[in-house]
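K.L.:
What follows is upload-v9.json, made up of JSON, C-alpha atoms:
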[["chain", "number", "residue", "atom", "x", "y", "z"],
["M", 1174, "MET", "CA", 85.70, 94.99, 137.03],
["M", 1175, "LYS", "CA", 83.55, 93.50, 139.73],
["M", 1176, "THR", "CA", 84.13, 89.84, 140.25],
["M", 1177, "ASN", "CA", 81.15, 87.79, 141.04],
["M", 1178, "SER", "CA", 81.50, 84.05, 141.12],
["M", 1179, "ASP", "CA", 78.16, 83.44, 139.36],
["M", 1180, "VAL", "CA", 79.16, 85.76, 136.56],
["M", 1181, "ASP", "CA", 82.56, 84.11, 136.28],
["M", 1182, "LYS", "CA", 80.91, 80.72, 136.20],
["M", 1183, "LEU", "CA", 78.57, 81.69, 133.35],
["M", 1184, "VAL", "CA", 81.45, 83.10, 131.34],
["M", 1185, "ALA", "CA", 83.69, 80.11, 132.06],
["M", 1186, "ARG", "CA", 80.93, 77.74, 130.99],
["M", 1187, "TYR", "CA", 80.43, 79.67, 127.77],
["M", 1188, "LEU", "CA", 84.14, 79.68, 126.96],
["M", 1189, "SER", "CA", 84.60, 76.00, 127.65],
["M", 1190, "GLN", "CA", 81.62, 75.23, 125.42],
["M", 1191, "LEU", "CA", 83.22, 77.36, 122.72],
["M", 1192, "GLY", "CA", 86.48, 75.48, 123.16],
["M", 1193, "ARG", "CA", 84.66, 72.20, 122.68],
["M", 1194, "GLU", "CA", 82.87, 73.43, 119.56],
["M", 1195, "LEU", "CA", 86.22, 74.48, 118.12],
["M", 1196, "SER", "CA", 87.99, 71.28, 119.08],
["M", 1197, "ASP", "CA", 88.50, 70.22, 115.46],
["M", 1198, "LEU", "CA", 90.50, 73.35, 114.67],
["M", 1199, "PRO", "CA", 94.28, 73.36, 115.01],
["M", 1200, "ALA", "CA", 95.16, 74.33, 118.58],
["M", 1201, "SER", "CA", 96.76, 77.66, 117.72],
["M", 1202, "ARG", "CA", 93.72, 78.76, 115.78],
["M", 1203, "ARG", "CA", 91.36, 77.64, 118.53],
["M", 1204, "ARG", "CA", 93.38, 79.46, 121.18],
["M", 1205, "GLN", "CA", 93.35, 82.68, 119.18],
["M", 1206, "ILE", "CA", 89.57, 82.65, 118.74],
["M", 1207, "VAL", "CA", 88.82, 81.73, 122.37],
["M", 1208, "GLU", "CA", 91.24, 84.43, 123.54],
["M", 1209, "GLU", "CA", 89.58, 87.10, 121.43],
["M", 1210, "VAL", "CA", 86.05, 86.07, 122.37],
["M", 1211, "SER", "CA", 87.11, 86.05, 126.00],
["M", 1212, "SER", "CA", 88.38, 89.63, 125.85],
["M", 1213, "HIS", "CA", 85.28, 90.60, 123.88],
["M", 1214, "ILE", "CA", 83.14, 89.32, 126.76],
["M", 1215, "ALA", "CA", 85.31, 91.23, 129.24],
["M", 1216, "GLU", "CA", 84.75, 94.42, 127.22],
["M", 1217, "GLY", "CA", 81.03, 93.72, 127.08],
["M", 1218, "LEU", "CA", 80.85, 93.19, 130.83],
["M", 1219, "ALA", "CA", 82.84, 96.35, 131.50],
["M", 1220, "ALA", "CA", 80.32, 98.31, 129.41],
["M", 1221, "LEU", "CA", 77.42, 97.09, 131.60],
["M", 1222, "ASP", "CA", 75.93, 99.40, 134.23],
["M", 1223, "THR", "CA", 75.45, 96.59, 136.68],
["M", 1224, "GLU", "CA", 77.10, 93.27, 136.27],
["M", 1225, "ASP", "CA", 74.15, 91.08, 137.25],
["M", 1226, "GLU", "CA", 73.18, 87.73, 135.82],
["M", 1227, "ALA", "CA", 70.73, 89.20, 133.31],
["M", 1228, "GLY", "CA", 73.39, 91.57, 132.06],
["M", 1229, "VAL", "CA", 75.91, 88.78, 131.62],
["M", 1230, "ARG", "CA", 73.39, 86.66, 129.78],
["M", 1231, "SER", "CA", 72.63, 89.51, 127.41],
["M", 1232, "VAL", "CA", 76.36, 89.96, 126.70],
["M", 1233, "LEU", "CA", 76.72, 86.23, 126.00],
["M", 1234, "ASP", "CA", 73.58, 86.27, 123.84],
["M", 1235, "ARG", "CA", 75.04, 89.01, 121.72],
["M", 1236, "VAL", "CA", 78.30, 87.09, 121.33],
["M", 1237, "GLY", "CA", 76.15, 84.32, 119.93],
["M", 1238, "ASP", "CA", 75.89, 80.56, 119.89],
["M", 1239, "PRO", "CA", 79.33, 78.87, 120.16],
["M", 1240, "SER", "CA", 78.32, 76.56, 117.33],
["M", 1241, "ALA", "CA", 77.77, 79.59, 115.06],
["M", 1242, "ILE", "CA", 81.28, 80.81, 115.84],
["M", 1243, "ALA", "CA", 82.64, 77.33, 115.16],
["M", 1244, "ALA", "CA", 80.75, 77.20, 111.85],
["M", 1245, "GLU", "CA", 82.26, 80.53, 110.81],
["M", 1246, "GLY", "CA", 85.68, 79.17, 111.77],
["M", 1247, "GLY", "CA", 85.16, 76.26, 109.42],
["M", 1248, "ALA", "CA", 85.38, 73.69, 112.21],
["M", 1249, "ALA", "CA", 83.35, 71.23, 110.15],
["M", 1250, "GLU", "CA", 85.81, 71.37, 107.27],
["M", 1251, "PHE", "CA", 88.65, 70.49, 109.60],
["M", 1252, "ARG", "CA", 87.03, 67.28, 110.63],
["M", 1253, "PRO", "CA", 89.15, 64.73, 108.76],
["M", 1254, "ARG", "CA", 87.40, 62.04, 106.75],
["M", 1255, "VAL", "CA", 88.61, 59.44, 109.22],
["M", 1256, "PRO", "CA", 89.69, 61.59, 112.14],
["M", 1257, "TRP", "CA", 92.06, 59.17, 113.81],
["M", 1258, "ALA", "CA", 93.41, 57.30, 110.79],
["M", 1259, "ASP", "CA", 96.15, 59.72, 109.79],
["M", 1260, "ALA", "CA", 97.21, 60.19, 113.37],
["M", 1261, "LEU", "CA", 97.67, 56.44, 113.80],
["M", 1262, "VAL", "CA", 99.92, 55.94, 110.78],
["M", 1263, "PRO", "CA", 103.32, 56.92, 112.28],
["M", 1264, "TRP", "CA", 102.63, 54.77, 115.35],
["M", 1265, "LEU", "CA", 101.46, 51.78, 113.37],
["M", 1266, "LEU", "CA", 104.51, 51.90, 111.13],
["M", 1267, "LEU", "CA", 106.85, 52.14, 114.08],
["M", 1268, "LEU", "CA", 105.26, 49.72, 116.53],
["M", 1269, "GLY", "CA", 102.40, 48.07, 114.66],
["M", 1270, "GLY", "CA", 104.55, 45.03, 113.89],
["M", 1271, "PHE", "CA", 104.38, 44.09, 117.55],
["M", 1272, "VAL", "CA", 100.65, 43.57, 117.13],
["M", 1273, "PHE", "CA", 100.82, 40.21, 115.34],
["M", 1274, "VAL", "CA", 102.65, 41.92, 112.44],
["M", 1275, "VAL", "CA", 99.29, 42.99, 110.89],
["M", 1276, "GLY", "CA", 99.56, 46.35, 112.66],
["M", 1277, "TRP", "CA", 102.37, 47.38, 110.35],
["M", 1278, "PHE", "CA", 100.49, 46.31, 107.22],
["M", 1279, "LEU", "CA", 97.47, 48.25, 108.45],
["M", 1280, "GLY", "CA", 99.72, 51.28, 108.88],
["M", 1281, "VAL", "CA", 101.04, 50.92, 105.33],
["M", 1282, "GLY", "CA", 97.47, 50.62, 104.01],
["M", 1283, "LEU", "CA", 96.36, 53.78, 105.80],
["M", 1284, "LEU", "CA", 99.54, 55.57, 104.71],
["M", 1285, "TRP", "CA", 98.95, 54.89, 101.02],
["M", 1286, "SER", "CA", 95.22, 55.56, 101.11],
["M", 1287, "SER", "CA", 95.64, 58.96, 102.77],
["M", 1288, "SER", "CA", 96.03, 62.14, 100.77],
["M", 1289, "THR", "CA", 98.04, 63.71, 103.55],
["M", 1290, "TRP", "CA", 101.41, 62.37, 102.41],
["M", 1291, "LYS", "CA", 103.20, 62.60, 99.10],
["M", 1292, "VAL", "CA", 104.45, 59.50, 97.28],
["M", 1293, "ARG", "CA", 107.98, 60.29, 98.49],
["M", 1294, "ASP", "CA", 106.78, 60.18, 102.12],
["M", 1295, "LYS", "CA", 104.82, 57.03, 101.44],
["M", 1296, "LEU", "CA", 107.85, 55.25, 99.98],
["M", 1297, "LEU", "CA", 109.95, 56.40, 102.90],
["M", 1298, "GLY", "CA", 107.36, 55.19, 105.38],
["M", 1299, "THR", "CA", 107.10, 51.82, 103.68],
["M", 1300, "LEU", "CA", 110.76, 51.06, 102.98],
["M", 1301, "VAL", "CA", 112.51, 52.46, 106.08],
["M", 1302, "ILE", "CA", 112.40, 50.00, 107.83],
["M", 1303, "PRO", "CA", 109.87, 47.40, 106.64],
["M", 1304, "GLY", "CA", 108.13, 46.13, 109.71],
["M", 1305, "GLY", "CA", 109.18, 49.07, 111.84],
["M", 1306, "LEU", "CA", 111.08, 48.31, 115.05],
["M", 1307, "PRO", "CA", 110.03, 44.65, 115.22],
["M", 1308, "GLY", "CA", 111.12, 44.26, 111.61],
["M", 1309, "LEU", "CA", 114.47, 45.65, 112.56],
["M", 1310, "VAL", "CA", 114.81, 43.21, 115.44],
["M", 1311, "LEU", "CA", 113.95, 40.38, 113.07],
["M", 1312, "LEU", "CA", 116.43, 41.61, 110.47],
["M", 1313, "GLY", "CA", 119.08, 41.98, 113.15],
["M", 1314, "THR", "CA", 118.66, 38.44, 114.43],
["M", 1315, "PHE", "CA", 118.63, 37.09, 110.92],
["M", 1316, "SER", "CA", 121.83, 38.81, 109.81],
["M", 1317, "TRP", "CA", 123.54, 37.96, 113.06],
["M", 1318, "ARG", "CA", 122.74, 34.34, 112.49],
["M", 1319, "THR", "CA", 123.88, 34.27, 108.84],
["M", 1320, "SER", "CA", 127.14, 35.94, 109.61],
["M", 1321, "SER", "CA", 127.89, 33.80, 112.61],
["M", 1322, "THR", "CA", 127.08, 30.52, 110.86],
["M", 1323, "SER", "CA", 129.03, 31.41, 107.78],
["M", 1324, "CYS", "CA", 132.02, 32.22, 109.92],
["M", 1325, "GLY", "CA", 131.57, 29.13, 111.94],
["M", 1326, "GLY", "CA", 132.01, 31.10, 115.15],
["M", 1327, "VAL", "CA", 129.61, 31.06, 118.02],
["M", 1328, "SER", "CA", 128.98, 34.34, 119.65],
["M", 1329, "PRO", "CA", 127.10, 34.19, 122.89],
["M", 1330, "LEU", "CA", 125.01, 37.19, 123.79],
["M", 1331, "GLY", "CA", 126.79, 40.03, 125.50],
["M", 1332, "GLN", "CA", 130.20, 38.99, 124.26],
["M", 1333, "ARG", "CA", 131.84, 41.34, 121.81],
["M", 1334, "VAL", "CA", 133.18, 39.41, 118.89],
["M", 1335, "VAL", "CA", 135.27, 40.93, 116.15],
["M", 1336, "ILE", "CA", 134.67, 38.97, 113.01],
["M", 1337, "HIS", "CA", 137.58, 39.05, 110.61],
["M", 1338, "CYS", "CA", 136.56, 36.47, 108.09],
["M", 1339, "VAL", "CA", 134.86, 37.66, 104.92],
["M", 1340, "THR", "CA", 132.08, 35.39, 103.84],
["M", 1341, "SER", "CA", 128.95, 35.53, 101.78],
["M", 1342, "GLY", "CA", 127.04, 36.78, 104.80],
["M", 1343, "PHE", "CA", 127.30, 40.42, 105.81],
["M", 1344, "SER", "CA", 129.94, 40.48, 108.42],
["M", 1345, "LEU", "CA", 131.42, 43.86, 109.24],
["M", 1346, "PRO", "CA", 133.99, 45.19, 111.67],
["M", 1347, "ALA", "CA", 132.26, 45.61, 115.02],
["M", 1348, "ALA", "CA", 132.57, 49.42, 115.06],
["M", 1349, "VAL", "CA", 130.95, 49.74, 111.65],
["M", 1350, "GLY", "CA", 128.37, 47.16, 112.65],
["M", 1351, "ILE", "CA", 127.46, 49.10, 115.75],
["M", 1352, "LEU", "CA", 127.27, 52.33, 113.78],
["M", 1353, "VAL", "CA", 124.99, 50.69, 111.21],
["M", 1354, "LEU", "CA", 122.91, 49.25, 114.01],
["M", 1355, "ILE", "CA", 122.51, 52.67, 115.64],
["M", 1356, "LEU", "CA", 121.56, 54.27, 112.33],
["M", 1357, "ALA", "CA", 119.14, 51.45, 111.61],
["M", 1358, "LEU", "CA", 117.60, 51.93, 115.05],
["M", 1359, "LEU", "CA", 117.21, 55.67, 114.56],
["M", 1360, "ALA", "CA", 115.87, 55.48, 111.01],
["M", 1361, "PRO", "CA", 112.35, 54.24, 111.81],
["M", 1362, "PHE", "CA", 112.02, 56.88, 114.52],
["M", 1363, "ALA", "CA", 113.20, 59.59, 112.16],
["M", 1364, "VAL", "CA", 110.73, 58.48, 109.51],
["M", 1365, "ALA", "CA", 107.87, 58.34, 112.03],
["M", 1366, "VAL", "CA", 108.72, 61.84, 113.24],
["M", 1367, "HIS", "CA", 108.87, 63.06, 109.64],
["M", 1368, "LEU", "CA", 105.46, 61.57, 108.80],
["M", 1369, "GLU", "CA", 103.97, 63.09, 111.94],
["M", 1370, "ARG", "CA", 105.39, 66.51, 111.00],
["M", 1371, "VAL", "CA", 103.92, 66.32, 107.51],
["M", 1372, "ARG", "CA", 100.58, 65.32, 109.01],
["M", 1373, "ARG", "CA", 100.51, 68.25, 111.45],
["M", 1374, "ARG", "CA", 101.53, 70.68, 108.76],
["M", 1375, "SER", "CA", 98.71, 69.45, 106.53],
["M", 1376, "VAL", "CA", 96.23, 69.80, 109.38],
["M", 1377, "ASN", "CA", 97.31, 73.40, 109.80],
["M", 1378, "ASN", "CA", 97.20, 74.15, 106.11],
["M", 1379, "VAL", "CA", 93.74, 72.90, 105.22],
["M", 1380, "HIS", "CA", 92.59, 76.50, 105.31],
["M", 1381, "GLY", "CA", 94.64, 79.39, 103.96],
["F", 1012, "MET", "CA", 80.86, 67.52, 105.50],
["F", 1013, "ARG", "CA", 78.63, 70.26, 106.77],
["F", 1014, "MET", "CA", 75.47, 70.42, 108.73],
["F", 1015, "VAL", "CA", 72.53, 71.16, 106.52],
["F", 1016, "PRO", "CA", 70.70, 74.16, 107.91],
["F", 1017, "SER", "CA", 67.50, 75.45, 106.38],
["F", 1018, "ASP", "CA", 67.72, 76.92, 102.88],
["F", 1019, "ASP", "CA", 67.38, 80.47, 104.13],
["F", 1020, "SER", "CA", 70.33, 80.30, 106.41],
["F", 1021, "ILE", "CA", 72.52, 78.79, 103.68],
["F", 1022, "TRP", "CA", 72.20, 81.66, 101.24],
["F", 1023, "LEU", "CA", 72.20, 84.21, 104.01],
["F", 1024, "ALA", "CA", 75.39, 82.77, 105.44],
["F", 1025, "GLN", "CA", 77.03, 82.77, 102.02],
["F", 1026, "LEU", "CA", 75.95, 86.32, 101.32],
["F", 1027, "ARG", "CA", 77.19, 87.43, 104.70],
["F", 1028, "ARG", "CA", 80.51, 85.68, 104.41],
["F", 1029, "GLY", "CA", 81.43, 87.41, 101.20],
["F", 1030, "ALA", "CA", 80.20, 90.85, 102.18],
["F", 1031, "LEU", "CA", 81.17, 90.81, 105.82],
["F", 1032, "GLU", "CA", 84.90, 90.42, 105.46],
["F", 1033, "HIS", "CA", 84.99, 93.35, 103.10],
["F", 1034, "CYS", "CA", 82.93, 95.40, 105.52],
["F", 1035, "VAL", "CA", 85.61, 94.66, 108.09],
["F", 1036, "LEU", "CA", 88.28, 95.82, 105.65],
["F", 1037, "ALA", "CA", 86.22, 98.96, 104.97],
["F", 1038, "LEU", "CA", 85.95, 99.74, 108.69],
["F", 1039, "LEU", "CA", 89.73, 99.47, 108.94],
["F", 1040, "ARG", "CA", 90.39, 101.69, 105.96],
["F", 1041, "HIS", "CA", 91.02, 104.85, 107.91],
["F", 1042, "ARG", "CA", 92.07, 103.64, 111.31],
["F", 1043, "GLU", "CA", 92.88, 100.55, 113.29],
["F", 1044, "ARG", "CA", 90.21, 99.09, 115.54],
["F", 1045, "TYR", "CA", 89.95, 96.35, 118.13],
["F", 1046, "GLY", "CA", 87.69, 93.32, 117.90],
["F", 1047, "PHE", "CA", 84.94, 94.42, 120.25],
["F", 1048, "GLU", "CA", 84.62, 97.72, 118.44],
["F", 1049, "LEU", "CA", 84.42, 96.00, 115.04],
["F", 1050, "ALA", "CA", 81.89, 93.44, 116.29],
["F", 1051, "ARG", "CA", 79.60, 96.03, 117.89],
["F", 1052, "THR", "CA", 79.71, 98.29, 114.84],
["F", 1053, "LEU", "CA", 78.83, 95.44, 112.47],
["F", 1054, "ALA", "CA", 76.17, 94.01, 114.78],
["F", 1055, "ASP", "CA", 74.54, 97.41, 115.16],
["F", 1056, "ALA", "CA", 74.52, 97.86, 111.37],
["F", 1057, "GLY", "CA", 71.91, 95.12, 111.37],
["F", 1058, "GLY", "CA", 71.83, 91.75, 109.69],
["F", 1059, "LEU", "CA", 75.54, 91.63, 109.03],
["F", 1060, "LEU", "CA", 76.60, 89.46, 111.96],
["F", 1061, "ALA", "CA", 74.94, 86.25, 113.12],
["F", 1062, "GLY", "CA", 76.51, 86.89, 116.51],
["F", 1063, "GLU", "CA", 79.26, 89.25, 117.60],
["F", 1064, "GLY", "CA", 81.57, 86.31, 118.25],
["F", 1065, "THR", "CA", 81.46, 85.16, 114.63],
["F", 1066, "ILE", "CA", 83.73, 88.07, 113.72],
["F", 1067, "TYR", "CA", 86.74, 86.43, 115.39],
["F", 1068, "PRO", "CA", 87.19, 83.41, 113.12],
["F", 1069, "LEU", "CA", 86.80, 85.87, 110.26],
["F", 1070, "LEU", "CA", 89.42, 88.23, 111.67],
["F", 1071, "ALA", "CA", 91.75, 85.28, 112.19],
["F", 1072, "ARG", "CA", 91.28, 84.31, 108.54],
["F", 1073, "LEU", "CA", 91.95, 87.83, 107.30],
["F", 1074, "ARG", "CA", 95.08, 87.86, 109.38],
["F", 1075, "ARG", "CA", 96.28, 84.50, 108.05],
["F", 1076, "ASN", "CA", 95.70, 85.70, 104.51],
["F", 1077, "GLY", "CA", 97.71, 88.84, 105.15],
["F", 1078, "LEU", "CA", 94.84, 91.29, 104.64],
["F", 1079, "VAL", "CA", 95.17, 92.67, 108.15],
["F", 1080, "ASN", "CA", 97.83, 92.60, 110.83],
["F", 1081, "THR", "CA", 97.51, 93.11, 114.53],
["F", 1082, "THR", "CA", 99.22, 94.73, 117.48],
["F", 1083, "TRP", "CA", 98.59, 94.43, 121.20],
["F", 1084, "ARG", "CA", 98.06, 97.71, 122.93],
["F", 1085, "GLU", "CA", 97.33, 98.63, 126.53],
["F", 1086, "SER", "CA", 93.94, 100.21, 127.08],
["F", 1087, "ALA", "CA", 93.05, 102.80, 129.68],
["F", 1088, "GLU", "CA", 89.94, 101.02, 130.89],
["F", 1089, "GLY", "CA", 90.75, 97.34, 130.94],
["F", 1090, "PRO", "CA", 92.88, 94.49, 129.62],
["F", 1091, "PRO", "CA", 95.18, 95.03, 126.62],
["F", 1092, "ARG", "CA", 93.46, 94.99, 123.24],
["F", 1093, "ARG", "CA", 94.43, 93.44, 119.95],
["F", 1094, "TYR", "CA", 94.17, 96.15, 117.30],
["F", 1095, "TYR", "CA", 93.59, 95.23, 113.66],
["F", 1096, "ARG", "CA", 95.11, 97.27, 110.84],
["F", 1097, "LEU", "CA", 94.67, 97.04, 107.08],
["F", 1098, "THR", "CA", 97.71, 95.90, 105.08],
["F", 1099, "ALA", "CA", 98.53, 96.91, 101.51],
["F", 1100, "VAL", "CA", 97.10, 93.58, 100.35],
["F", 1101, "GLY", "CA", 93.96, 94.32, 102.34],
["F", 1102, "GLU", "CA", 93.60, 97.73, 100.75],
["F", 1103, "LEU", "CA", 93.87, 96.21, 97.30],
["F", 1104, "ALA", "CA", 91.28, 93.55, 98.16],
["F", 1105, "LEU", "CA", 88.95, 96.23, 99.46],
["F", 1106, "SER", "CA", 89.13, 98.43, 96.37],
["F", 1107, "THR", "CA", 88.59, 95.43, 94.10],
["F", 1108, "PHE", "CA", 85.57, 94.45, 96.16],
["F", 1109, "VAL", "CA", 84.11, 97.96, 96.05],
["F", 1110, "GLN", "CA", 84.20, 97.99, 92.24],
["F", 1111, "HIS", "CA", 82.59, 94.57, 91.91],
["F", 1112, "TRP", "CA", 80.10, 95.22, 94.65],
["F", 1113, "GLN", "CA", 78.73, 98.33, 92.98],
["F", 1114, "LEU", "CA", 78.17, 96.48, 89.70],
["F", 1115, "PHE", "CA", 76.68, 93.51, 91.53],
["F", 1116, "ARG", "CA", 74.39, 95.58, 93.73],
["F", 1117, "ASP", "CA", 73.11, 97.62, 90.78],
["F", 1118, "GLY", "CA", 72.48, 94.46, 88.78],
["F", 1119, "VAL", "CA", 70.55, 92.75, 91.54],
["F", 1120, "ASP", "CA", 68.57, 95.91, 92.32],
["F", 1121, "ARG", "CA", 67.63, 96.35, 88.67],
["F", 1122, "ILE", "CA", 66.40, 92.76, 88.35],
["F", 1123, "LEU", "CA", 64.44, 92.96, 91.60],
["F", 1124, "GLU", "CA", 62.88, 96.29, 90.66],
["F", 1125, "GLU", "CA", 61.88, 95.09, 87.21],
["F", 1126, "ALA", "CA", 60.38, 91.95, 88.72],
["F", 1127, "SER", "CA", 58.33, 93.85, 91.27],
["F", 1128, "ALA", "CA", 57.21, 96.46, 88.70],
["F", 1129, "ALA", "CA", 55.94, 93.86, 86.23]]
Here is a file; write its structure as structure tokens.

P.N.:
Amino acid sequence: MKTNSDVDKLVARYLSQLGRELSDLPASRRRQIVEEVSSHIAEGLAALDTEDEAGVRSVLDRVGDPSAIAAEGGAAEFRPRVPWADALVPWLLLLGGFVFVVGWFLGVGLLWSSSTWKVRDKLLGTLVIPGGLPGLVLLGTFSWRTSSTSCGGVSPLGQRVVIHCVTSGFSLPAAVGILVLILALLAPFAVAVHLERVRRRSVNNVHG
Amino acid sequence: MRMVPSDDSIWLAQLRRGALEHCVLALLRHRERYGFELARTLADAGGLLAGEGTIYPLLARLRRNGLVNTTWRESAEGPPRRYYRLTAVGELALSTFVQHWQLFRDGVDRILEEASAA
């Protein structure tokens, strides 16, 4: 195939316009269509007698308007009702509490109003851990304080204290405490990842 | 939420969508073909394709629904081609369509003929 920079430019412009028109489709689907259209154009160009600008334009004309291809691909149906809302939810639940706490409540609101997640996911997202990471920090400080006051011991930061006394607060052996802390730290991340997975899967499943 | 094109293009698009994918299945009935070949054949048949490129979302859909499958094959005169082949599910869908289509076509023709004769 002859390579002519003007020809390449026309084709590249067409393909990037097509990519934009298909931007609402899941990436794998978009890639597949652009790939096939691209090799279609290559076949069309190879069938030309002379690869001049008029010839290239006629090939592209026959391929058709990128928006027509996007319409056939159902791009419009992929456009979510509120495009960014679902995508925000995992982030808001995890970190939204840092934004004057309201961020987390906003996340919960969007979570429950979306049809993307099942009730099970929604409960998970709401209850593990309420407030997300900032909630966890709050909870951690609170329980630390209760246990230390009830034991009457003062534990300065950075100093490892093994608390033996059993009181009404929740004091645990340090090893167990650390384990619980690690699990509690991982839980909100795991839930956020889970919600994000469900969201992506639903985006990919809207059509067949 | 869809764009609202003129009335003509709505019914034409709907008519095309239903018929076109079964025309693709019909073209694949006896042998596998690659996209360009399918697109050119349908475009040359007249009125079936809005643009040759619109076949690719359709082919992707047929593939997702298991009516066709594909293989990459080297070609003598250019880049490798993706060949489309009818699956058993596709064959079944095609024969069902053929039965319904014949009834449908005859019915519409009869109504249109009676209307124009009156």

K.L.:
Taking 3 positions as the minimum chain separation for residues in the same chain, which residues sit within 10 Å of Gly1101 of chain F when counting all atoms listed in the file? Answer as a VMD selection string.

P.N.:
chain F and resid 1033 1036 to 1037 1039 to 1040 1073 to 1074 1076 to 1080 1096 to 1098 1104 to 1107

K.L.:
Which chain M residues are at most 7 Å from chain F (counting all atoms listed in the file), as a list in words?

P.N.:
Ile1206, Glu1209, Val1210, His1213, Glu1216, Arg1235, Val1236, Gly1237, Ala1241, Ile1242, Glu1245, Gly1246, Ala1249, Glu1250 and Gly1381 of chain M

K.L.:
Please report the interatomic distance between atom CA of Glu1032 of chain F and atom CA of Phe1108 of chain F in Å with one decimal.

P.N.:
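Between atom CA of Glu1032 of chain F and atom CA of Phe1108 of chain F the gap is 10.2 Å.
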
K.L.:
Please identify all polymer residues within 7 Å of Val1232 of chain M, counting all atoms listed in the file, omitting same-chain residues fewer than 5 positions from it, and present them as a VMD selection string.

P.N.:
chain M and resid 1214 1217 to 1218

K.L.:
Just give me the gap between atom CA of Ala1243 of chain M and atom CA of Glu1194 of chain M in Å, one decimal is fine.

P.N.:
5.9 Å

K.L.:
What does the structure give for the distance between atom CA of Val1262 of chain M and atom CA of Ala1244 of chain M, in Å to one decimal?

P.N.:
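Going from atom CA of Val1262 of chain M over to atom CA of Ala1244 of chain M covers 28.6 Å.
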